[in-house]
$ cat work_9.tsv   # TSV, C-alpha atoms
chain	number	residue	atom	x	y	z
A	1	MET	CA	0.00	0.00	0.00
A	2	ASP	CA	1.42	3.35	-0.94
A	3	ARG	CA	0.00	4.96	2.22
A	4	ALA	CA	2.28	2.77	4.33
A	5	TYR	CA	5.17	4.86	3.03
A	6	SER	CA	3.47	8.22	3.36
A	7	SER	CA	5.54	11.30	4.19
A	8	ILE	CA	3.39	11.45	7.31
A	9	ASN	CA	5.39	9.20	9.66
A	10	SER	CA	2.43	7.94	11.64
A	11	ILE	CA	-1.04	9.12	10.76
A	12	LEU	CA	-2.50	7.35	13.78
A	13	GLU	CA	-0.22	9.10	16.29
A	14	GLN	CA	-0.62	12.50	14.67
A	15	ALA	CA	-4.40	12.21	14.53
A	16	ALA	CA	-4.48	11.10	18.18
A	17	HIS	CA	-2.38	14.14	19.12
A	18	ILE	CA	-4.77	16.47	17.26
A	19	VAL	CA	-7.77	14.95	19.05
A	20	ARG	CA	-6.13	15.24	22.49
A	21	ARG	CA	-5.02	18.81	21.82
A	22	LYS	CA	-8.52	19.84	20.74
A	23	LYS	CA	-10.04	18.16	23.80
A	24	THR	CA	-7.61	19.95	26.13
A	25	ALA	CA	-8.37	23.30	24.53
A	26	ALA	CA	-12.14	22.74	24.69
A	27	ARG	CA	-12.23	21.18	28.16
A	28	THR	CA	-12.56	24.43	30.09
A	29	LEU	CA	-14.88	26.14	27.66
A	30	GLU	CA	-17.42	23.63	26.38
A	31	PRO	CA	-19.53	20.66	27.44
A	32	THR	CA	-18.26	17.16	26.61
A	33	GLU	CA	-20.83	16.62	23.84
A	34	SER	CA	-19.10	19.19	21.64
A	35	TYR	CA	-15.69	17.46	21.80
A	36	LYS	CA	-16.50	14.94	19.09
A	37	ARG	CA	-17.83	17.51	16.62
A	38	GLU	CA	-14.82	19.80	17.04
A	39	GLN	CA	-12.35	16.91	17.03
A	40	THR	CA	-13.91	15.69	13.78
A	41	GLU	CA	-13.53	19.16	12.24
A	42	GLU	CA	-9.85	19.20	13.24
A	43	LEU	CA	-9.29	15.77	11.68
A	44	ILE	CA	-10.97	16.86	8.44
A	45	THR	CA	-8.63	19.87	8.34
A	46	PHE	CA	-5.68	17.53	9.00
A	47	ALA	CA	-6.81	15.25	6.16
A	48	ASN	CA	-7.19	18.19	3.77
A	49	SER	CA	-3.82	19.70	4.68
A	50	ASN	CA	-1.93	16.43	4.24
A	51	ASN	CA	-3.80	14.85	1.32
A	52	LEU	CA	-4.95	11.93	3.49
A	53	TRP	CA	-8.23	11.17	1.74
A	54	ILE	CA	-8.57	7.54	0.68
A	55	SER	CA	-10.49	6.50	-2.41
A	56	LEU	CA	-11.77	2.93	-2.13
A	57	PRO	CA	-11.84	2.38	-5.91
A	58	GLU	CA	-8.13	3.23	-6.01
A	59	LEU	CA	-7.48	0.58	-3.34
A	60	ASN	CA	-9.20	-1.97	-5.58
A	61	VAL	CA	-11.18	-3.57	-2.76
A	62	GLY	CA	-14.66	-5.01	-2.56
A	63	PHE	CA	-17.28	-4.83	0.17
A	64	LEU	CA	-17.14	-7.68	2.71
A	65	SER	CA	-19.41	-6.76	5.65
A	66	LYS	CA	-20.83	-3.99	7.82
A	67	GLY	CA	-21.10	-3.74	11.60
A	68	GLY	CA	-21.99	-1.07	14.12
A	69	GLU	CA	-18.95	1.07	13.43
A	70	ASN	CA	-17.08	-0.51	10.51
A	71	GLU	CA	-17.63	-1.09	6.85
A	72	VAL	CA	-15.14	-3.81	5.91
A	73	TYR	CA	-13.57	-4.28	2.49
A	74	THR	CA	-10.96	-6.66	1.15
A	75	GLY	CA	-9.08	-7.17	-2.07
A	76	ASP	CA	-7.52	-10.01	-4.01
A	77	LYS	CA	-4.01	-8.80	-3.33
A	78	ASP	CA	-2.13	-7.47	-0.29
A	79	ASN	CA	-3.99	-9.86	2.10
A	80	ILE	CA	-5.48	-6.95	4.02
A	81	ALA	CA	-8.84	-5.96	5.40
A	82	VAL	CA	-9.76	-2.29	5.02
A	83	LYS	CA	-12.08	-0.89	7.67
A	84	LEU	CA	-13.92	2.41	7.45
A	85	ASN	CA	-14.52	3.23	11.11
A	86	ASN	CA	-17.18	5.89	11.78
A	87	PHE	CA	-16.09	6.48	15.42
A	88	GLU	CA	-19.53	5.31	16.63
A	89	TYR	CA	-18.15	3.49	19.65
A	90	ALA	CA	-15.92	6.39	20.70
A	91	GLY	CA	-18.84	8.10	22.40
A	92	ASP	CA	-18.56	11.88	22.76
A	93	ASP	CA	-14.76	11.92	22.67
A	94	LEU	CA	-12.68	10.65	19.73
A	95	GLU	CA	-9.74	10.11	22.07
A	96	ASN	CA	-11.49	6.87	23.11
A	97	PHE	CA	-11.05	5.55	19.55
A	98	PHE	CA	-7.31	6.22	19.57
A	99	ILE	CA	-6.88	4.70	23.04
A	100	ARG	CA	-8.66	1.59	21.80
A	101	ILE	CA	-6.57	1.23	18.65
A	102	ALA	CA	-3.28	1.72	20.54
A	103	ALA	CA	-4.32	-0.86	23.17
A	104	HIS	CA	-5.44	-3.30	20.48
A	105	ASN	CA	-2.04	-3.04	18.79
A	106	LYS	CA	-0.30	-3.56	22.14
A	107	PHE	CA	-2.21	-6.71	23.10
A	108	PHE	CA	-3.09	-8.18	19.70
A	109	GLY	CA	-0.03	-7.32	17.62
A	110	ASN	CA	-0.49	-10.31	15.32
A	111	VAL	CA	-3.46	-8.49	13.77
A	112	SER	CA	-2.56	-4.85	14.42
A	113	TYR	CA	-4.22	-1.85	12.86
A	114	GLN	CA	-2.53	0.76	10.72
A	115	MET	CA	-4.34	4.00	9.97
A	116	ILE	CA	-3.81	5.06	6.36
A	117	GLY	CA	-6.11	8.08	6.11
A	118	PHE	CA	-9.72	9.19	6.11
A	119	SER	CA	-12.80	8.69	3.97
A	120	TYR	CA	-16.57	8.77	4.02
A	121	ASN	CA	-18.52	5.53	4.24
A	122	SER	CA	-21.62	4.56	2.27
A	123	LEU	CA	-23.77	6.63	4.69
A	124	GLN	CA	-21.49	9.65	4.14
A	125	GLU	CA	-20.15	9.46	7.71
A	126	PHE	CA	-16.61	10.70	8.31
A	127	CYS	CA	-14.36	7.70	8.96
A	128	ALA	CA	-10.85	6.68	9.83
A	129	VAL	CA	-9.49	4.21	7.28
A	130	LEU	CA	-7.73	1.34	8.99
A	131	ILE	CA	-6.01	-1.67	7.53
A	132	GLN	CA	-5.15	-4.92	9.26
A	133	PRO	CA	-4.04	-8.32	8.01
A	134	TYR	CA	-6.76	-10.44	6.45
A	135	ILE	CA	-6.84	-13.63	8.48
A	136	LEU	CA	-7.27	-17.03	6.88
A	137	ALA	CA	-9.32	-18.72	9.57
A	138	GLU	CA	-10.04	-22.34	10.16
A	139	ARG	CA	-12.98	-21.37	12.38
A	140	GLU	CA	-14.14	-18.97	15.07
A	141	ALA	CA	-12.32	-19.28	18.40
A	142	THR	CA	-14.17	-20.94	21.27
A	143	GLU	CA	-15.02	-19.13	24.50
A	144	ASP	CA	-12.53	-21.37	26.35
A	145	GLU	CA	-9.75	-20.56	23.88
A	146	ILE	CA	-10.45	-16.85	24.23
A	147	ALA	CA	-10.45	-17.09	28.04
A	148	THR	CA	-7.15	-19.00	28.07
A	149	TYR	CA	-5.54	-16.45	25.73
A	150	MET	CA	-6.73	-13.49	27.78
A	151	GLN	CA	-5.55	-15.08	31.03
A	152	ALA	CA	-2.11	-15.56	29.44
A	153	LEU	CA	-2.11	-11.77	28.87
A	154	ASP	CA	-2.87	-11.29	32.62
A	155	PHE	CA	-6.50	-10.31	32.09
A	156	GLU	CA	-9.18	-11.46	34.52
A	157	MET	CA	-12.58	-12.59	33.23
A	158	ASP	CA	-15.62	-10.57	34.30
A	159	TYR	CA	-18.13	-12.26	31.97
A	160	TYR	CA	-17.72	-14.73	29.14
A	161	ASP	CA	-16.88	-11.87	26.73
A	162	GLU	CA	-15.42	-9.24	29.10
A	163	TYR	CA	-11.99	-9.07	30.68
A	164	HIS	CA	-9.92	-6.55	32.58
A	165	ASN	CA	-6.43	-5.90	33.84
A	166	GLU	CA	-5.18	-3.02	35.94
A	167	ASP	CA	-5.47	-0.50	33.10
A	168	TYR	CA	-7.89	-1.78	30.45
A	169	GLU	CA	-11.24	-3.45	29.90
A	170	VAL	CA	-11.65	-5.67	26.85
A	171	PHE	CA	-15.19	-6.56	25.87
A	172	ASP	CA	-17.06	-8.06	22.96
A	173	ALA	CA	-14.38	-10.78	22.89
A	174	VAL	CA	-16.84	-13.24	21.39
A	175	PRO	CA	-16.12	-16.06	18.92
A	176	ASN	CA	-17.16	-14.10	15.81
A	177	ASN	CA	-14.67	-11.34	16.77
A	178	VAL	CA	-11.83	-13.77	17.50
A	179	LEU	CA	-10.67	-16.16	14.82
A	180	TYR	CA	-8.74	-19.41	15.07
A	181	GLY	CA	-6.28	-19.09	12.19
A	182	ILE	CA	-5.14	-21.88	9.92
A	183	ASP	CA	-1.77	-21.50	11.69
A	184	GLY	CA	-3.35	-22.36	15.07
A	185	ASP	CA	-3.05	-18.82	16.49
A	186	LEU	CA	-5.92	-16.70	17.78
A	187	TYR	CA	-6.65	-13.38	16.09
A	188	PHE	CA	-8.70	-10.75	17.94
A	189	ILE	CA	-9.98	-8.87	14.91
A	190	ASP	CA	-12.73	-6.69	16.35
A	191	THR	CA	-12.98	-6.37	20.13
A	192	GLN	CA	-13.72	-3.23	22.11
A	193	ILE	CA	-11.15	-1.84	24.54
A	194	ARG	CA	-11.35	1.06	26.96
A	195	LEU	CA	-9.41	2.43	29.88
A	196	ARG	CA	-10.62	1.31	33.29
A	197	ARG	CA	-12.23	4.13	35.21

$ encode --input "work_9.tsv" --output "C-alpha cells"
Amino acid sequence: MDRAYSSINSILEQAAHIVRRKKTAARTLEPTESYKREQTEELITFANSNNLWISLPELNVGFLSKGGENEVYTGDKDNIAVKLNNFEYAGDDLENFFIRIAAHNKFFGNVSYQMIGFSYNSLQEFCAVLIQPYILAEREATEDEIATYMQALDFEMDYYDEYHNEDYEVFDAVPNNVLYGIDGDLYFIDTQIRLRR
C-alpha cells in the first residue's frame, strides 16, 4: 500500500495528538458533547492539509461486511482488510477511539491496525481508514480458547466476553470477533477496549 510509506510518519499518532489537543483546549470552555464535533472538524482539516483522503476504488477492494462502526472491504491482493470506522463506539470523545486502537495493537499485535487516512462511508459518515491483516481462519475461536488467551495476557474474566487488567477493559471478545487461524493462532480482529475508570 502506498500509504504505508506516506511522508506522514504515523497518521495514527498525529491524529491522536490532534484529538487530544482539541479536547484539552475545549475542556474548560465547552460541554463534553461538543468534543467529538470539534475533534472531527480538526481531523478533516488535517486530512485536507496532508492529502490523506482515501479512495476505495483506487485501493481496488470489494465490500465484505458492515457492523456497528465498521464497513469492511478486502481485495484479491495485499492480504489486508480495510475498515472504514465511523467512530460510533468512541462516544462523545474521539480520544477513546485512539486509546482503543493503541491498546489493540499492544495486546493483539499479530493483527494490528494501521491508519492510512480518512474517507466517508456509504452513509457519508466521516471515517478513519484502517487496515489490518486479512486472516485465513479455520474457524471462530471458542469461548474457552479466548479465556485462556486473555488469562495468558494477565487479564481477569468478568463475563464470558469481558476481561480486565489493571489498566484496560476488553469486551465483545466473542467467537465471531476472535478467529482461530489456519496456523493455530488466535486473532482478535474486532474487540472493544477502553481504559478502566

$ axis_aligned_box --input "work_9.tsv" --around "segment 96-111 of chain A" --padding-each-side "4 Å" --output "AutoDock Vina command-line options"
--center_x -5.8 --center_y -1.7 --center_z 18.5 --size_x 19.5 --size_y 25.2 --size_z 17.4

$ closest_residue --input "work_9.tsv" --among "A:Leu64, A:Leu59, A:Ile80, A:Val19" --to "Pro133 of chain A" --atoms "only C-alpha atoms"
A:Ile80

$ closest_residue --input "work_9.tsv" --among "A:Trp53, A:Asn121, A:Asn85, A:Ser10" --to "Gly68 of chain A" --atoms "all atoms listed in the file"
A:Asn85

$ residues_around --input "work_9.tsv" --residues "segment 148-160 of chain A" --least-positions-apart "4" --cutoff "10 Å" --atoms "all atoms listed in the file" --output "VMD selection string"
chain A and resid 107 to 108 142 to 144 164 to 174 185 to 186

$ residues_near_point --input "work_9.tsv" --point "(-8.0, -8.8, 2.9)" --cutoff "12 Å" --atoms "all atoms listed in the file" --output "PyMOL selection string"
chain A and resi 59-65+72-83+111+130-136

$ write_last_selection --input "work_9.tsv" --atoms "C-alpha atoms" --output "compact mmCIF listing (two decimals), in the coordinates of the input"
# COMPACT_ATOMS: atom_id res chain seq x y z
CA LEU A 59 -7.48 0.58 -3.34
CA ASN A 60 -9.20 -1.97 -5.58
CA VAL A 61 -11.18 -3.57 -2.76
CA GLY A 62 -14.66 -5.01 -2.56
CA PHE A 63 -17.28 -4.83 0.17
CA LEU A 64 -17.14 -7.68 2.71
CA SER A 65 -19.41 -6.76 5.65
CA VAL A 72 -15.14 -3.81 5.91
CA TYR A 73 -13.57 -4.28 2.49
CA THR A 74 -10.96 -6.66 1.15
CA GLY A 75 -9.08 -7.17 -2.07
CA ASP A 76 -7.52 -10.01 -4.01
CA LYS A 77 -4.01 -8.80 -3.33
CA ASP A 78 -2.13 -7.47 -0.29
CA ASN A 79 -3.99 -9.86 2.10
CA ILE A 80 -5.48 -6.95 4.02
CA ALA A 81 -8.84 -5.96 5.40
CA VAL A 82 -9.76 -2.29 5.02
CA LYS A 83 -12.08 -0.89 7.67
CA VAL A 111 -3.46 -8.49 13.77
CA LEU A 130 -7.73 1.34 8.99
CA ILE A 131 -6.01 -1.67 7.53
CA GLN A 132 -5.15 -4.92 9.26
CA PRO A 133 -4.04 -8.32 8.01
CA TYR A 134 -6.76 -10.44 6.45
CA ILE A 135 -6.84 -13.63 8.48
CA LEU A 136 -7.27 -17.03 6.88

$ closest_residue --input "work_9.tsv" --among "A:Ile11, A:Ala102, A:Leu123, A:Ala147" --to "Leu43 of chain A" --atoms "all atoms listed in the file"
A:Ile11

$ closest_residue --input "work_9.tsv" --among "A:Leu52, A:Ala103, A:Met115, A:Ala128" --to "Asn86 of chain A" --atoms "only C-alpha atoms"
A:Ala128

$ decode --input "work_9.tsv" --residues "segment 73-187 of chain A" --atoms "C-alpha atoms" --output "CSV table (one decimal), in the first residue's frame"
chain,number,residue,atom,x,y,z
A,73,TYR,CA,-13.6,-4.3,2.5
A,74,THR,CA,-11.0,-6.7,1.2
A,75,GLY,CA,-9.1,-7.2,-2.1
A,76,ASP,CA,-7.5,-10.0,-4.0
A,77,LYS,CA,-4.0,-8.8,-3.3
A,78,ASP,CA,-2.1,-7.5,-0.3
A,79,ASN,CA,-4.0,-9.9,2.1
A,80,ILE,CA,-5.5,-6.9,4.0
A,81,ALA,CA,-8.8,-6.0,5.4
A,82,VAL,CA,-9.8,-2.3,5.0
A,83,LYS,CA,-12.1,-0.9,7.7
A,84,LEU,CA,-13.9,2.4,7.5
A,85,ASN,CA,-14.5,3.2,11.1
A,86,ASN,CA,-17.2,5.9,11.8
A,87,PHE,CA,-16.1,6.5,15.4
A,88,GLU,CA,-19.5,5.3,16.6
A,89,TYR,CA,-18.2,3.5,19.7
A,90,ALA,CA,-15.9,6.4,20.7
A,91,GLY,CA,-18.8,8.1,22.4
A,92,ASP,CA,-18.6,11.9,22.8
A,93,ASP,CA,-14.8,11.9,22.7
A,94,LEU,CA,-12.7,10.6,19.7
A,95,GLU,CA,-9.7,10.1,22.1
A,96,ASN,CA,-11.5,6.9,23.1
A,97,PHE,CA,-11.1,5.6,19.6
A,98,PHE,CA,-7.3,6.2,19.6
A,99,ILE,CA,-6.9,4.7,23.0
A,100,ARG,CA,-8.7,1.6,21.8
A,101,ILE,CA,-6.6,1.2,18.6
A,102,ALA,CA,-3.3,1.7,20.5
A,103,ALA,CA,-4.3,-0.9,23.2
A,104,HIS,CA,-5.4,-3.3,20.5
A,105,ASN,CA,-2.0,-3.0,18.8
A,106,LYS,CA,-0.3,-3.6,22.1
A,107,PHE,CA,-2.2,-6.7,23.1
A,108,PHE,CA,-3.1,-8.2,19.7
A,109,GLY,CA,0.0,-7.3,17.6
A,110,ASN,CA,-0.5,-10.3,15.3
A,111,VAL,CA,-3.5,-8.5,13.8
A,112,SER,CA,-2.6,-4.9,14.4
A,113,TYR,CA,-4.2,-1.8,12.9
A,114,GLN,CA,-2.5,0.8,10.7
A,115,MET,CA,-4.3,4.0,10.0
A,116,ILE,CA,-3.8,5.1,6.4
A,117,GLY,CA,-6.1,8.1,6.1
A,118,PHE,CA,-9.7,9.2,6.1
A,119,SER,CA,-12.8,8.7,4.0
A,120,TYR,CA,-16.6,8.8,4.0
A,121,ASN,CA,-18.5,5.5,4.2
A,122,SER,CA,-21.6,4.6,2.3
A,123,LEU,CA,-23.8,6.6,4.7
A,124,GLN,CA,-21.5,9.7,4.1
A,125,GLU,CA,-20.2,9.5,7.7
A,126,PHE,CA,-16.6,10.7,8.3
A,127,CYS,CA,-14.4,7.7,9.0
A,128,ALA,CA,-10.9,6.7,9.8
A,129,VAL,CA,-9.5,4.2,7.3
A,130,LEU,CA,-7.7,1.3,9.0
A,131,ILE,CA,-6.0,-1.7,7.5
A,132,GLN,CA,-5.2,-4.9,9.3
A,133,PRO,CA,-4.0,-8.3,8.0
A,134,TYR,CA,-6.8,-10.4,6.4
A,135,ILE,CA,-6.8,-13.6,8.5
A,136,LEU,CA,-7.3,-17.0,6.9
A,137,ALA,CA,-9.3,-18.7,9.6
A,138,GLU,CA,-10.0,-22.3,10.2
A,139,ARG,CA,-13.0,-21.4,12.4
A,140,GLU,CA,-14.1,-19.0,15.1
A,141,ALA,CA,-12.3,-19.3,18.4
A,142,THR,CA,-14.2,-20.9,21.3
A,143,GLU,CA,-15.0,-19.1,24.5
A,144,ASP,CA,-12.5,-21.4,26.4
A,145,GLU,CA,-9.7,-20.6,23.9
A,146,ILE,CA,-10.5,-16.8,24.2
A,147,ALA,CA,-10.4,-17.1,28.0
A,148,THR,CA,-7.1,-19.0,28.1
A,149,TYR,CA,-5.5,-16.5,25.7
A,150,MET,CA,-6.7,-13.5,27.8
A,151,GLN,CA,-5.5,-15.1,31.0
A,152,ALA,CA,-2.1,-15.6,29.4
A,153,LEU,CA,-2.1,-11.8,28.9
A,154,ASP,CA,-2.9,-11.3,32.6
A,155,PHE,CA,-6.5,-10.3,32.1
A,156,GLU,CA,-9.2,-11.5,34.5
A,157,MET,CA,-12.6,-12.6,33.2
A,158,ASP,CA,-15.6,-10.6,34.3
A,159,TYR,CA,-18.1,-12.3,32.0
A,160,TYR,CA,-17.7,-14.7,29.1
A,161,ASP,CA,-16.9,-11.9,26.7
A,162,GLU,CA,-15.4,-9.2,29.1
A,163,TYR,CA,-12.0,-9.1,30.7
A,164,HIS,CA,-9.9,-6.5,32.6
A,165,ASN,CA,-6.4,-5.9,33.8
A,166,GLU,CA,-5.2,-3.0,35.9
A,167,ASP,CA,-5.5,-0.5,33.1
A,168,TYR,CA,-7.9,-1.8,30.4
A,169,GLU,CA,-11.2,-3.5,29.9
A,170,VAL,CA,-11.6,-5.7,26.8
A,171,PHE,CA,-15.2,-6.6,25.9
A,172,ASP,CA,-17.1,-8.1,23.0
A,173,ALA,CA,-14.4,-10.8,22.9
A,174,VAL,CA,-16.8,-13.2,21.4
A,175,PRO,CA,-16.1,-16.1,18.9
A,176,ASN,CA,-17.2,-14.1,15.8
A,177,ASN,CA,-14.7,-11.3,16.8
A,178,VAL,CA,-11.8,-13.8,17.5
A,179,LEU,CA,-10.7,-16.2,14.8
A,180,TYR,CA,-8.7,-19.4,15.1
A,181,GLY,CA,-6.3,-19.1,12.2
A,182,ILE,CA,-5.1,-21.9,9.9
A,183,ASP,CA,-1.8,-21.5,11.7
A,184,GLY,CA,-3.3,-22.4,15.1
A,185,ASP,CA,-3.1,-18.8,16.5
A,186,LEU,CA,-5.9,-16.7,17.8
A,187,TYR,CA,-6.7,-13.4,16.1
